[in-house]
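> Got a structure for you, written out below as structure tokens; questions coming shortly.
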Amino acid sequence: MRILFSSTPAFGHLLPQLPLARAFRDRGDEVAVLTSASFGPLLAAEHLTLHAVGPEGPELLAEATRRSGASVAQDATPEVVAEYFAGARVDLTADAAIAAAREFRPDLIVAESMDYVAPMVAAALKVPYADLAFGLLLPGEFADAFDAAVESRHKERGLTVPPATWYLDPCPELLLGPGWEPPHGRLALRPEAHRGPGASGAAPAPAAPPADGARPRVLLSFGTHYAEPAVLRPVVDALAPTADLVVTLGLTATPADYGDGLAGRVEFAEFTPLAELLDGIDLVVTHGGSGTMLGTLSRGLPMVVVPQGADQFLNAGAVAGARAGVAVLPPAGPEAVAEAVTEVLGRAEYRENARRAAEQIAAMPAPSEVAERLAAELG
């Protein structure tokens with residue numbers, strides 16, 4: 001079979017698709033990915049074919065900001081976010097994506113949930129597609145804004161917005177609030193912390209809590225786009241007296257950007273698969289990106305979530321509601337983060353609930369099982 005994945009040009013949207021893409025690849029299927037050219041080296045290392053279409057993330061952000069007059073990272077209203085994902089990106093990507101897909105001739109398209117290009121490709125080629133969620137369902141007002149933005153663009157091409165045949169859901173039961181109803185075509189899909197090519201997808205057993213008197217080991221990670229030294233340095237200073245810190249640098253920062261006085265107190269990590277960063281960690285302080293949230297829970301680790309934008313406030317609420325961590329919302333400062341770390345490490349309830357989530361995740365169908373099921377249903 002020929003499987004075409006499609007992604008917004010952002011690590012947080014592409015990386016959660018890799019486990020299923022690998023599963024199809026390992027079945028012997030021909031697998032390709034539609035996204036921007038900068039992800040070529042990452043996909044080549046995975047032996048996945050890139051069809052480079054559309055602008056890079058910064059160019060797309062600039063165009064969406066020009067059109068809406070606001071930045072999706074700073075003013076995440078439904079209309080502003082819709083302009084980024086379902087407006088500007090579709091306008092700048094869809095026609096090239098349709099042309100590339102016609103050449104590839106997929107039997108199935110798999111799209112991350114914020115990718116509004118792939119449904120248009122599926123409609124143009126009359127190919128079924130699966131909606132691969134990388135986190136929680138967005139609130140209805142966002143979905144309505146996206147649908148309104150993309151519907152006119154389908155009509156311009158004589159297309160009808162198609163429904164997804166499958167909704168691939170990585171969220172464990174613990175994160176799904178009361179009254180949650182499964183979307184049409186839901187298939188559970190076990191999430192995993194991002195790992196490098198060739199690394200095992202099996203999660204190690206959850207680590208024991210730190211011994212009495214031992215300094216906890218804390219991962220401070222605000223992902224690839226929110227890891228601003230000016231934001232993180234005050235948090236580092238608040239946590240360093242009582243914890244051993246591993247701080248991720250994102251895509252562009254360097255240790256020098258954090259200033260002086262941290263030698264021997266902080267371990268900095270350049271872009272590294274999350275699966276490696278979580279080894280030996282007792283707690284994660286995070287912006288609450290979906291990949292980090294689910295990857296952390298898959299290891300049974302509690303969190304302190306300090307949301308910065310996008311869907312992170314939704315994730316922070318889910319983690320706090322599940323009592324698998326604490327949310328620290330703006331305008332609370334670094335002292336509040338330090339207090340939340342003390343709270344989470346001091347109460348067994350948070351670790352126990354994180355481990356419950358890990359058990360639920362481990363019981364979900366593996367990517368290999370989901371790939372087999374989709375292939376069987378396609379016939």
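Numbering starts fresh at 1 for the residues of each chain in the structure tokens, the chains themselves are lettered A, B, ... in the order given, and ligands are numbered from 1 as they appear.
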Can you list every residue in segment 48-217 of chain A that DSSP puts in helix (DSSP H, G or I), as an MDAnalysis selection string?

chainID A and resid 57:68 78:104 118:125 140:156 173:175

> Show which residues sit within 12 Å of Gly295 of chain A, as a PyMOL selection string. Count only C-alpha atoms, and ignore same-chain residues fewer than 6 positions away.

chain A and resi 12+15-16+134-135+170-172+190-195+201-203+273-279+284+286+288-289+301-303+354+357-358+361-362

> Find the distance between atom CA of Asp260 of chain A and atom CA of Thr272 of chain A and write it in Å to one decimal.

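Straight-line distance from atom CA of Asp260 of chain A to atom CA of Thr272 of chain A works out to 23.5 Å.
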
> When you count only C-alpha atoms, which of these residues is closest to Ser290 of chain A: A:Gln308, A:Thr224, A:Asn315, A:Ser113?

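With only C-alpha atoms as the atom set, the closest residue is A:Asn315.
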
> Find the nearest atom pair between each residue of segment 101-128 of chain A and segment 53-63 of chain A for residues within 12 Å, count only C-alpha atoms, give distances in Å to one decimal, sort rows by chain and ascending number, and present the table as JSON lines.


```
{"residue": "A:Ala101", "atom": "CA", "partner": "A:Val53", "partner_atom": "CA", "distance": 10.4}
{"residue": "A:Val117", "atom": "CA", "partner": "A:Gly54", "partner_atom": "CA", "distance": 9.9}
{"residue": "A:Ala118", "atom": "CA", "partner": "A:Val53", "partner_atom": "CA", "distance": 11.7}
```

> Atom CA of Ser368 of chain A to atom CA of Gly223 of chain A: how many Å, to one decimal?

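Interatomic distance here is 26.8 Å.
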
> Can you list, as a PyMOL selection string, every protein, DNA or RNA residue that comes within 9 Å of Val127 of chain A when you count only C-alpha atoms, leaving out same-chain residues fewer than 3 positions away?

chain A and resi 106-109+121-124

> With segment 24-45 of chain A as the partner and 10 Å as the cut-off, tabulate the residues of segment 159-205 of chain A that qualify, each row holding the nearest pair of atoms and their distance in Å to one decimal, using only C-alpha atoms, sorted by chain and rising number, as a Markdown table.


```
| residue | atom | partner | partner_atom | distance |
| --- | --- | --- | --- | --- |
| A:Gly196 | CA | A:Ala45 | CA | 8.8 |
| A:Pro197 | CA | A:Ala45 | CA | 6.5 |
| A:Gly198 | CA | A:Ala45 | CA | 9.3 |
```

> Within 8 Å of Val305 of chain A, counting only C-alpha atoms, which residues show up once you throw out same-chain ones fewer than 3 positions away? Write them as a PyMOL selection string, please.

chain A and resi 285-288+316+319+325-328

> Deliver the residues from the most recent selection as a file, using N, CA and C atoms, as a CSV table (one decimal), in the first residue's frame.


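The result, stored in part-v3.csv:
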```csv
chain,number,residue,atom,x,y,z
A,285,VAL,N,8.9,19.9,34.1
A,285,VAL,CA,8.3,21.2,34.0
A,285,VAL,C,8.2,21.6,32.6
A,286,THR,N,7.0,21.8,32.1
A,286,THR,CA,6.8,22.0,30.6
A,286,THR,C,5.8,23.0,30.3
A,287,HIS,N,5.9,23.5,29.0
A,287,HIS,CA,4.9,24.5,28.5
A,287,HIS,C,3.6,23.8,28.2
A,288,GLY,N,3.6,22.4,28.2
A,288,GLY,CA,2.4,21.7,28.0
A,288,GLY,C,2.1,21.4,26.5
A,316,ALA,N,-2.9,21.9,30.1
A,316,ALA,CA,-2.6,22.2,31.5
A,316,ALA,C,-3.8,21.9,32.3
A,319,VAL,N,-4.2,18.0,32.6
A,319,VAL,CA,-3.2,17.4,33.6
A,319,VAL,C,-3.6,17.7,35.0
A,325,GLY,N,-0.5,16.3,37.8
A,325,GLY,CA,0.4,17.4,37.9
A,325,GLY,C,-0.3,18.7,38.3
A,326,VAL,N,0.4,19.8,38.2
A,326,VAL,CA,-0.1,21.1,38.7
A,326,VAL,C,0.0,22.1,37.5
A,327,ALA,N,-1.0,22.9,37.3
A,327,ALA,CA,-0.9,23.9,36.3
A,327,ALA,C,-0.5,25.3,36.9
A,328,VAL,N,0.4,26.0,36.3
A,328,VAL,CA,0.8,27.3,36.8
A,328,VAL,C,0.5,28.3,35.7
```

> Quick one: distance from atom CA of Gly309 of chain A to atom CA of Arg66 of chain A in Å, one decimal?

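So the answer is 18.9 Å.
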
> For Arg105 of chain A, work out the shell of residues within 9 Å, counting only C-alpha atoms and skipping chain neighbours fewer than 2 positions away, then give it as a PyMOL selection string.

chain A and resi 2-4+100-103+107+125

> Pick the closest to His51 of chain A from A:Val81, A:Ala96, A:Ala70, A:Ala322: which is it, counting only C-alpha atoms?

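Going through A:Val81, A:Ala96, A:Ala70, A:Ala322 one by one, the smallest distance to His51 of chain A is for A:Ala96.
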
> For Leu251 of chain A, work out the shell of residues within 10 Å, counting only C-alpha atoms and skipping chain neighbours fewer than 3 positions away, then give it as a PDB file with N, CA and C atoms, in the first residue's frame.


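Generated file (result-v9.pdb):
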```pdb
ATOM      1  N   GLY A 223       9.757  22.933  24.746  1.00  0.00           N
ATOM      2  CA  GLY A 223       9.595  22.535  23.358  1.00  0.00           C
ATOM      3  C   GLY A 223      10.544  23.256  22.421  1.00  0.00           C
ATOM      4  N   THR A 224      10.166  23.279  21.146  1.00  0.00           N
ATOM      5  CA  THR A 224      11.038  23.846  20.116  1.00  0.00           C
ATOM      6  C   THR A 224      10.761  25.315  19.846  1.00  0.00           C
ATOM      7  N   HIS A 225       9.559  25.806  20.147  1.00  0.00           N
ATOM      8  CA  HIS A 225       9.194  27.163  19.761  1.00  0.00           C
ATOM      9  C   HIS A 225       9.010  28.118  20.940  1.00  0.00           C
ATOM     10  N   TYR A 226       8.917  27.612  22.142  1.00  0.00           N
ATOM     11  CA  TYR A 226       8.662  28.469  23.299  1.00  0.00           C
ATOM     12  C   TYR A 226       9.843  28.504  24.270  1.00  0.00           C
ATOM     13  N   ALA A 227      10.963  27.905  23.876  1.00  0.00           N
ATOM     14  CA  ALA A 227      12.119  27.804  24.771  1.00  0.00           C
ATOM     15  C   ALA A 227      12.940  29.088  24.730  1.00  0.00           C
ATOM     16  N   THR A 248      16.211  22.074  28.189  1.00  0.00           N
ATOM     17  CA  THR A 248      16.309  21.950  26.733  1.00  0.00           C
ATOM     18  C   THR A 248      16.440  23.333  26.101  1.00  0.00           C
ATOM     19  N   THR A 254      21.458  28.767  22.876  1.00  0.00           N
ATOM     20  CA  THR A 254      22.702  28.155  23.316  1.00  0.00           C
ATOM     21  C   THR A 254      22.831  28.366  24.817  1.00  0.00           C
ATOM     22  N   GLU A 270      20.700  20.195  23.738  1.00  0.00           N
ATOM     23  CA  GLU A 270      20.232  20.608  22.426  1.00  0.00           C
ATOM     24  C   GLU A 270      19.093  19.689  22.003  1.00  0.00           C
ATOM     25  N   PHE A 271      18.543  19.930  20.791  1.00  0.00           N
ATOM     26  CA  PHE A 271      17.392  19.127  20.358  1.00  0.00           C
ATOM     27  C   PHE A 271      17.713  17.644  20.475  1.00  0.00           C
TER      28      PHE A 271
END
```

> Between A:Ala318, A:Leu138, A:Ala133, A:Leu189, which one has atoms that come closest to Pro19 of chain A, using only C-alpha atoms?

A:Leu189

> Taking the backbone alone, and naming residues the way the document does, which bits of segment 144-185 of chain A are strand (DSSP E) by DSSP, as a PyMOL selection string?

chain A and resi 166-169

> For Leu283 of chain A, please output as an MDAnalysis selection string all residues within 9 Å (counting only C-alpha atoms; exclusion window: fewer than 2 positions along the same chain).

chainID A and resid 216:220 278 281 285 296 301:304 341 344:345 351

> May I ask which of the residues A:Ser7, A:Ser152, A:Thr342, A:Gln74 is the closest one to Leu239 of chain A, counting only C-alpha atoms?

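Selected residue with least distance to Leu239 of chain A: A:Thr342.
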
> Which of these, A:Pro255, A:Met1, A:Tyr116, A:Asp244, has the shortest distance to Gly280 of chain A once you count only C-alpha atoms?

A:Asp244
